[in-house]
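**Q** So that we are looking at the same thing, I have put the structure below in structure tokens.
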Amino acid sequence: MLSILKKEITTYLSSLVAYITIGVFLLVLGLFLWVFPDTSILAYGYAGLDSLFSTAPYLFMFLVPAITMRSLAEERREGTFELLLTRPLTNLQIVLGKYFAGVVIVLFALLPTLVYYFSVDTLGTPQGNIDTGAVIGSYIGLFLLGSSFTAIGLFASSVSKSQVIAFTIAVFLSFFFYSGFDSLSTILSLQNLGLQGLGITEHYQSISRGVLDTRDLMYFLVLDAFFIWVTLFVLYKQNGRKFVNTAFLSTMGILFSLTAVTILSDKIFTRFDFTKEKRFTISPVSRKVMDGLPNTVNVTVYLQGDNFPGGMKRLQTSVKDMLADLQAYSHNELQFVFTDPLKGVAEDQQKQVYDELEAKGVEAQNLSVKTDDGVSQKVIFPFALVTYGNKSIPVKLLQSQSSMSLSPDEVLNNSIQNLEYAFTSAIKKVTSGGKQRIGFTEGHNELTDLQLTDAMRSLSDGYLVGRVNLTSIPFDSLAKVSLLVIPKPDKAFTELEKFKLDQYIMRGGRVLWAIDQVSAELDSLRGHGGEQLAFNKQLNLDDQLFRYGVRINYDLIADMNCSAIPVTTGDAGGQAQIQLLQWLYYPVYLPMSKHPIVKNLDGITSQFASTIDLLETKNIEKTILLTSSPYNKKLSAPHMLSLQALQDEPKPKDFQSNPKITGVLLEGNFVSDFRNRPLPEGLNEKVDVLAQSKPTKMVVLSDGDILRNQVGSDGSPFPLGYDRYTQQSYGNKNLLLNIADYMTDDSGLISVRSKEIQIRLLNRARIRQEKLFWQLVNNIAPIGIVLIFAIFQHYNRKRKYAH
């Protein structure tokens, strides 16, 4: 076999046709990757070789058949195959020798593409930020693809003496096995047969990301063995010999063994993630959720379309990768499809599509796309819909850029980091049978149902949500509530209500305190001549919160990082002139904590927030979730607020201060506020008073308006976190959902949000200046390497045979 291997490689590399074939392959590949804008690495903007591994398969469909078309066809046409049989060689040794020679030549054709790796590595920002592990893993995928095409090409070369016919058959079979099964699976009558699993695309795309799955590896091995076996069968038939001998039994044994292992590997498999951050490694929590799916879950992804910029392509690919990874552990119970909801829809019917999708929670978004004619607007739907039975939950794929401190690339990266949690959480909620209860307290002038509409509606996708009156609810009913939310009370709590709250916590209950210590409202300011005295509230909760380890101070935070409010600045022609001005008392928090509750969240908008002090308490772990910006000022209440302050430009020097705490998570064993105290009056139930709590947790926010949605003039509520004046979306809704998930779920699912993926960008400034240089380098250098090798090979042969 080794003699055949050496002979084939030497013969092929001594031919001018070989270098022309490989040179054309590298030239076309270079044009696609470095010149043509739709597939250009420079236009993509990210330090990776994704374009190489998505484009190369289609060029391989022509390169590999061109390499293999002569291997057996030429031998049979020239009559030299019979000469080979006179040697002490079996058909199996001949076929394997030619097969491995073809694989080596394919590798030889790929070696010059390492120039692309050097270029991307050099152009990265910072230089060298390319994920080498992912590239190695992707090259493994390309090698396995080349080996399969070589086996197919070898078979095609065995069925005809004509190289042209062999080339044509090989191209057709390569294309069919790569894309044909995917096309067949889209036919309505064949959709449920899973035909795409028989094709190469699904397995190659999995490996080409940098993840080697043993199921994909076995697929390629079986495919290679099958075509080698078929090639042997054809050769035996052509020689008029029976295909029943040692070679037959050996190849059949190998083929059946690989097939058996493939079937077994579908149940027992492992995956090797070559990427630096292990970004394609699914967490044990997500695996458990996927493994326990009771029935089929369908995911419809609406982020589909053409002419996406590099960022949207990256997000689209990341969504597809994430769903494929989750599907791998779902026993095929997770199915997903990408669709463009506007494709084929007439313009006069698009409004209806928008309304239907919006009713499902899927919102349209305008995307600016650079074209040769300038910038055009494209409507996209960065959402997915997770459906189980008759229940559906929307998943937002792209976070909003609610802060100028985050670049679009950082927002996109945060969105990609959040995909596993977003999908797993939605799938868990939509498939869970019994929902946990979340109660919003009432009876203390808390936020109304209208002001909490979107908060309660968003939570109702995964929980049973309602109002709780602490005065009337029995203890046993209160104990069934998984999370109690206290949303901006304005009236003092009685001792009986505090006792119920305390003992609810002692029994492991979880509480979200959203407390305003100072009474201040923008509507009151506008209704009282632009001035209002912000005064202290009397909620009777200070001693209880103090015992648990926090103190919400009677003050207000003025923060230069704030949202805007509409203000009448004049009158022109009888029309009021409205202007949006920054209002210092509406701070926007940019979560810097790495805790899963706030990690990668958009900015959180608030109104008239106070500071929080943390106290020394035993057995309580405190995690700061939200803080003001470093440009803030603390104002003690009572304090006179005036809209006239909008006329003065704040001076950053006057606002320089340490960030103030506005949100904190407390976890541990809390001491009862009623320890060594008499029971409150009015208690009609027999209760065993606990002096210390079971391990539990609570979140304290110094502003209840974080949970309040704005209400339109017609009384219709806006989404939580949406500012109807600036038309900007903040992260308030996701903050609430994350708090609910963290407080009610002890499985650790929220920890998935700790996943981090490094942003790997190209140096755009350098690309603009040196674009032509790198295009020339990556189109000329690979071909130059092949040319140098050809010249060296030519003179080496000339010197060798001249003697």
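Residues are referred to by chain and number: the chain letter is A, B, ... according to the order shown in the structure tokens, the number counts from 1 in that chain, and ligands are numbered separately from 1 in the order shown.
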With a distance cut-off of 9 Å and only C-alpha atoms, select the neighbouring residues of Leu173 in chain A, excluding the residue or stretch itself and same-chain residues fewer than 2 positions from it, and output the selection as JSON, numbers by chain.
**A** {"A": [61, 149, 152, 153, 156, 168, 169, 170, 171, 175, 176, 177, 178]}
**Q** Select, from A:Cys562, A:Ala520, A:Leu776, A:Leu749, the residue with the minimum atom-to-atom distance to Val289 in chain A, counting only C-alpha atoms.
**A** A:Leu749
**Q** May I have the residues within 7 Å of range 507-513 of chain A as number ranges by chain, using only C-alpha atoms and disregarding those fewer than 2 positions away in the same chain?
**A** A: 482-487, 503-505, 515, 693-701, 743
**Q** Please list as a PyMOL selection string every residue within 7 Å of range 659-673 of chain A, counting only C-alpha atoms and excluding residues in the same chain fewer than 4 positions away.
**A** chain A and resi 502+506+544+547-548+610-612+619-630+691-702
**Q** Excluding Thr387 in chain A and its own-chain neighbours fewer than 3 positions away, which residues fall within 6 Å of it when counting only C-alpha atoms? Please give them as a ChimeraX atom specification.
**A** /A:297-298,391-392
**Q** Write to file, as a CSV table (one decimal), in the first residue's frame, the residues of the selection just made, with N, CA, C and O atoms.
**A**
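Below is the file result32.csv, written as the result:
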```
chain,number,residue,atom,x,y,z
A,297,VAL,N,-40.4,20.0,21.3
A,297,VAL,CA,-40.4,21.5,21.4
A,297,VAL,C,-39.9,22.1,20.1
A,297,VAL,O,-38.9,21.7,19.6
A,298,ASN,N,-40.7,23.0,19.5
A,298,ASN,CA,-40.4,23.6,18.3
A,298,ASN,C,-39.9,25.1,18.5
A,298,ASN,O,-40.5,25.8,19.3
A,391,LYS,N,-48.6,26.4,23.9
A,391,LYS,CA,-48.0,27.5,24.6
A,391,LYS,C,-46.7,28.0,23.9
A,391,LYS,O,-46.0,27.1,23.3
A,392,SER,N,-46.5,29.3,23.9
A,392,SER,CA,-45.4,29.8,23.2
A,392,SER,C,-44.7,30.9,24.1
A,392,SER,O,-45.4,31.6,24.8
```
**Q** Hey, which of A:Leu235, A:Ile791, A:Ile9, A:Leu357 ends up closest to Leu92 in chain A? Count only C-alpha atoms.
**A**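 That would be A:Leu235, the residue with the smallest distance to Leu92 in chain A.
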**Q** With distances taken over only C-alpha atoms, which residue among A:Val164, A:Ile94, A:Ala328, A:Leu142 lies nearest Leu232 in chain A?
**A**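 Using only C-alpha atoms, Leu232 in chain A sits closest to A:Ile94.
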**Q** At a cut-off of 6 Å, using only C-alpha atoms, what residues contact range 118-123 of chain A? Leave out same-chain residues fewer than 5 positions from it and give the result as a JSON list (two decimals) with N, CA and C atoms, in the first residue's frame.
**A**
```json
[["chain", "number", "residue", "atom", "x", "y", "z"],
["A", 47, "ALA", "N", -12.20, 38.50, 13.76],
["A", 47, "ALA", "CA", -10.94, 37.78, 13.63],
["A", 47, "ALA", "C", -11.19, 36.28, 13.67],
["A", 128, "GLY", "N", -3.20, 39.10, 17.33],
["A", 128, "GLY", "CA", -3.07, 37.75, 17.85],
["A", 128, "GLY", "C", -4.30, 37.25, 18.60],
["A", 130, "ILE", "N", -6.97, 35.87, 17.42],
["A", 130, "ILE", "CA", -7.71, 34.82, 16.74],
["A", 130, "ILE", "C", -7.76, 33.57, 17.64],
["A", 762, "LEU", "N", -11.41, 42.55, 13.99],
["A", 762, "LEU", "CA", -10.29, 42.98, 13.15],
["A", 762, "LEU", "C", -10.09, 44.48, 13.33],
["A", 763, "ASN", "N", -8.87, 44.91, 13.07],
["A", 763, "ASN", "CA", -8.54, 46.33, 13.18],
["A", 763, "ASN", "C", -9.11, 47.05, 11.95]]
```
**Q** Could you name the residues that touch Ile228 in chain A at 12 Å or less, counting only C-alpha atoms, but leaving out those on the same chain fewer than 5 positions away, as an NGL selection string?
**A** :A and (91-100 or 147-158 or 221-223 or 233-235 or 247-248 or 250-252 or 254-255)
**Q** Output N, CA, C and O atoms for every residue in that selection, as a compact mmCIF listing (two decimals), in the first residue's frame.
**A**
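Result file is result_14.txt:
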```txt
# COMPACT_ATOMS: atom_id res chain seq x y z
N ASN A 91 -6.53 -5.85 -4.19
CA ASN A 91 -7.37 -4.70 -4.58
C ASN A 91 -7.53 -3.72 -3.43
O ASN A 91 -7.54 -2.50 -3.62
N LEU A 92 -7.67 -4.25 -2.23
CA LEU A 92 -7.85 -3.38 -1.06
C LEU A 92 -6.62 -2.51 -0.85
O LEU A 92 -6.74 -1.30 -0.58
N GLN A 93 -5.43 -3.08 -1.00
CA GLN A 93 -4.21 -2.30 -0.82
C GLN A 93 -4.08 -1.22 -1.89
O GLN A 93 -3.65 -0.10 -1.62
N ILE A 94 -4.45 -1.58 -3.13
CA ILE A 94 -4.39 -0.60 -4.23
C ILE A 94 -5.36 0.55 -3.97
O ILE A 94 -4.99 1.73 -4.09
N VAL A 95 -6.60 0.21 -3.60
CA VAL A 95 -7.62 1.25 -3.37
C VAL A 95 -7.24 2.13 -2.19
O VAL A 95 -7.32 3.37 -2.27
N LEU A 96 -6.78 1.51 -1.09
CA LEU A 96 -6.40 2.31 0.07
C LEU A 96 -5.18 3.18 -0.22
O LEU A 96 -5.10 4.32 0.26
N GLY A 97 -4.22 2.64 -0.99
CA GLY A 97 -3.06 3.44 -1.36
C GLY A 97 -3.46 4.68 -2.14
O GLY A 97 -2.97 5.79 -1.88
N LYS A 98 -4.35 4.50 -3.12
CA LYS A 98 -4.81 5.64 -3.92
C LYS A 98 -5.67 6.59 -3.09
O LYS A 98 -5.63 7.82 -3.27
N TYR A 99 -6.45 6.01 -2.17
CA TYR A 99 -7.31 6.84 -1.32
C TYR A 99 -6.46 7.75 -0.43
O TYR A 99 -6.67 8.97 -0.38
N PHE A 100 -5.50 7.18 0.27
CA PHE A 100 -4.68 7.98 1.18
C PHE A 100 -3.80 8.97 0.40
O PHE A 100 -3.50 10.06 0.90
N SER A 147 -11.61 14.06 3.00
CA SER A 147 -11.44 12.60 2.95
C SER A 147 -12.69 11.93 2.38
O SER A 147 -12.58 10.95 1.63
N SER A 148 -13.86 12.43 2.74
CA SER A 148 -15.11 11.86 2.22
C SER A 148 -15.24 12.12 0.72
O SER A 148 -15.64 11.23 -0.04
N PHE A 149 -14.95 13.33 0.29
CA PHE A 149 -15.01 13.64 -1.14
C PHE A 149 -13.98 12.81 -1.91
O PHE A 149 -14.22 12.43 -3.06
N THR A 150 -12.84 12.51 -1.29
CA THR A 150 -11.83 11.67 -1.94
C THR A 150 -12.37 10.26 -2.14
O THR A 150 -12.18 9.65 -3.21
N ALA A 151 -13.04 9.72 -1.13
CA ALA A 151 -13.64 8.38 -1.26
C ALA A 151 -14.70 8.37 -2.34
O ALA A 151 -14.79 7.41 -3.13
N ILE A 152 -15.51 9.44 -2.40
CA ILE A 152 -16.54 9.53 -3.44
C ILE A 152 -15.88 9.63 -4.81
O ILE A 152 -16.30 8.96 -5.78
N GLY A 153 -14.83 10.46 -4.92
CA GLY A 153 -14.13 10.62 -6.20
C GLY A 153 -13.46 9.34 -6.64
O GLY A 153 -13.42 9.03 -7.85
N LEU A 154 -12.94 8.57 -5.71
CA LEU A 154 -12.30 7.29 -6.04
C LEU A 154 -13.32 6.32 -6.61
O LEU A 154 -13.05 5.60 -7.59
N PHE A 155 -14.51 6.29 -5.99
CA PHE A 155 -15.58 5.44 -6.52
C PHE A 155 -15.96 5.87 -7.93
O PHE A 155 -16.11 5.03 -8.84
N ALA A 156 -16.12 7.19 -8.15
CA ALA A 156 -16.49 7.69 -9.47
C ALA A 156 -15.43 7.33 -10.50
O ALA A 156 -15.75 7.03 -11.66
N SER A 157 -14.16 7.33 -10.09
CA SER A 157 -13.08 7.01 -11.01
C SER A 157 -13.07 5.52 -11.37
O SER A 157 -12.51 5.14 -12.40
N SER A 158 -13.70 4.70 -10.52
CA SER A 158 -13.69 3.26 -10.77
C SER A 158 -14.78 2.80 -11.74
O SER A 158 -14.69 1.71 -12.30
N LEU A 221 -16.34 8.52 9.03
CA LEU A 221 -15.65 7.25 8.90
C LEU A 221 -16.51 6.22 8.17
O LEU A 221 -16.02 5.48 7.30
N VAL A 222 -17.79 6.17 8.50
CA VAL A 222 -18.69 5.23 7.83
C VAL A 222 -18.86 5.60 6.36
O VAL A 222 -18.88 4.73 5.48
N LEU A 223 -18.98 6.91 6.09
CA LEU A 223 -19.13 7.35 4.70
C LEU A 223 -17.90 6.98 3.88
O LEU A 223 -18.02 6.47 2.75
N PHE A 233 -16.06 -3.33 -4.68
CA PHE A 233 -17.10 -4.13 -5.31
C PHE A 233 -17.08 -3.93 -6.83
O PHE A 233 -17.14 -4.89 -7.61
N VAL A 234 -16.97 -2.66 -7.27
CA VAL A 234 -16.95 -2.35 -8.71
C VAL A 234 -15.72 -2.98 -9.36
O VAL A 234 -15.80 -3.57 -10.45
N LEU A 235 -14.56 -2.88 -8.71
CA LEU A 235 -13.33 -3.43 -9.29
C LEU A 235 -13.41 -4.95 -9.43
O LEU A 235 -12.97 -5.52 -10.44
N ALA A 247 -10.76 -9.92 1.45
CA ALA A 247 -10.92 -8.47 1.35
C ALA A 247 -12.38 -8.09 1.57
O ALA A 247 -12.70 -7.12 2.27
N PHE A 248 -13.26 -8.89 0.94
CA PHE A 248 -14.69 -8.62 1.09
C PHE A 248 -15.11 -8.73 2.55
O PHE A 248 -15.76 -7.84 3.11
N SER A 250 -13.25 -8.58 5.18
CA SER A 250 -12.59 -7.57 6.00
C SER A 250 -13.31 -6.23 5.90
O SER A 250 -13.61 -5.59 6.92
N THR A 251 -13.56 -5.79 4.66
CA THR A 251 -14.21 -4.49 4.47
C THR A 251 -15.64 -4.50 5.00
O THR A 251 -16.11 -3.52 5.59
N MET A 252 -16.35 -5.62 4.78
CA MET A 252 -17.71 -5.72 5.31
C MET A 252 -17.69 -5.69 6.83
O MET A 252 -18.55 -5.05 7.47
N ILE A 254 -15.44 -4.26 8.76
CA ILE A 254 -15.15 -2.88 9.18
C ILE A 254 -16.37 -1.99 9.02
O ILE A 254 -16.72 -1.20 9.90
N LEU A 255 -17.06 -2.14 7.87
CA LEU A 255 -18.22 -1.31 7.57
C LEU A 255 -19.33 -1.53 8.59
O LEU A 255 -19.90 -0.59 9.14
```
**Q** Between CA of Leu459 in chain A and CA of Ala426 in chain A, what is the spacing in Å?
**A** 11.5 Å
**Q** Identify all residues of range 658-784 of chain A in helix (DSSP H, G or I) (DSSP on the backbone) and supply them as a PyMOL selection string.
**A** chain A and resi 704-707+732-744+749-754+764-784
**Q** Store the residues picked out above, limited to C-alpha atoms, as a CSV table (one decimal), in the first residue's frame.
**A**
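The resulting file, part36.csv, is shown below:
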```csv
chain,number,residue,atom,x,y,z
A,704,GLY,CA,-40.0,50.7,43.1
A,705,ASP,CA,-40.4,52.4,39.7
A,706,ILE,CA,-37.9,49.9,38.3
A,707,LEU,CA,-40.9,47.5,38.1
A,732,ASN,CA,-35.8,46.4,33.5
A,733,LYS,CA,-37.9,43.5,32.2
A,734,ASN,CA,-34.9,41.2,31.9
A,735,LEU,CA,-33.8,42.3,35.4
A,736,LEU,CA,-37.2,41.3,36.8
A,737,LEU,CA,-37.2,38.0,34.9
A,738,ASN,CA,-33.7,37.2,36.0
A,739,ILE,CA,-34.5,37.9,39.6
A,740,ALA,CA,-37.6,35.7,39.4
A,741,ASP,CA,-35.6,32.9,37.9
A,742,TYR,CA,-32.8,33.2,40.4
A,743,MET,CA,-35.0,33.4,43.4
A,744,THR,CA,-37.4,30.6,42.5
A,749,LEU,CA,-30.0,27.6,35.6
A,750,ILE,CA,-29.3,31.3,36.1
A,751,SER,CA,-25.6,30.5,36.4
A,752,VAL,CA,-25.5,29.8,32.7
A,753,ARG,CA,-25.5,33.6,32.3
A,754,SER,CA,-22.0,33.6,33.6
A,764,ARG,CA,-11.0,48.3,11.0
A,765,ALA,CA,-8.7,51.3,10.7
A,766,ARG,CA,-5.8,49.2,9.5
A,767,ILE,CA,-8.1,47.4,7.1
A,768,ARG,CA,-9.2,50.7,5.5
A,769,GLN,CA,-5.6,51.7,5.1
A,770,GLU,CA,-4.1,48.4,4.0
A,771,LYS,CA,-7.0,46.6,2.3
A,772,LEU,CA,-5.4,46.3,-1.1
A,773,PHE,CA,-2.2,45.0,0.4
A,774,TRP,CA,-3.8,42.2,2.3
A,775,GLN,CA,-6.0,41.3,-0.7
A,776,LEU,CA,-2.8,40.9,-2.8
A,777,VAL,CA,-1.0,39.0,-0.1
A,778,ASN,CA,-3.7,36.5,0.4
A,779,ASN,CA,-4.3,36.0,-3.3
A,780,ILE,CA,-0.7,35.9,-4.5
A,781,ALA,CA,1.2,34.3,-1.5
A,782,PRO,CA,-0.7,30.9,-1.5
A,783,ILE,CA,-0.3,30.5,-5.2
A,784,GLY,CA,3.4,31.6,-4.9
```
**Q** Can you work out the spacing between CA of Ile165 in chain A and CA of Tyr12 in chain A in Å, to one decimal?
**A** 19.3 Å
**Q** A:Ala558, A:Ile565, A:Leu683, A:Val35: which is nearest Lys500 in chain A, counting only C-alpha atoms?
**A**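 Residue with the minimum atom-to-atom distance to Lys500 in chain A: A:Leu683.
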**Q** Just to confirm, what's the straight-line distance from CA of Lys491 in chain A to CA of Ile597 in chain A in Å (one decimal)?
**A**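 For CA of Lys491 in chain A relative to CA of Ile597 in chain A, the distance reads 29.1 Å.
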**Q** List every residue of range 562-606 of chain A that DSSP, applied to the backbone, labels as strand (DSSP E or B), and write the result as JSON, numbers by chain.
**A** {"A": [562, 563, 564, 565, 566, 567, 568, 569, 570, 571, 572, 575, 576, 577, 578, 579, 580, 581, 582, 583, 584, 585, 586, 587, 588, 589, 604, 605]}
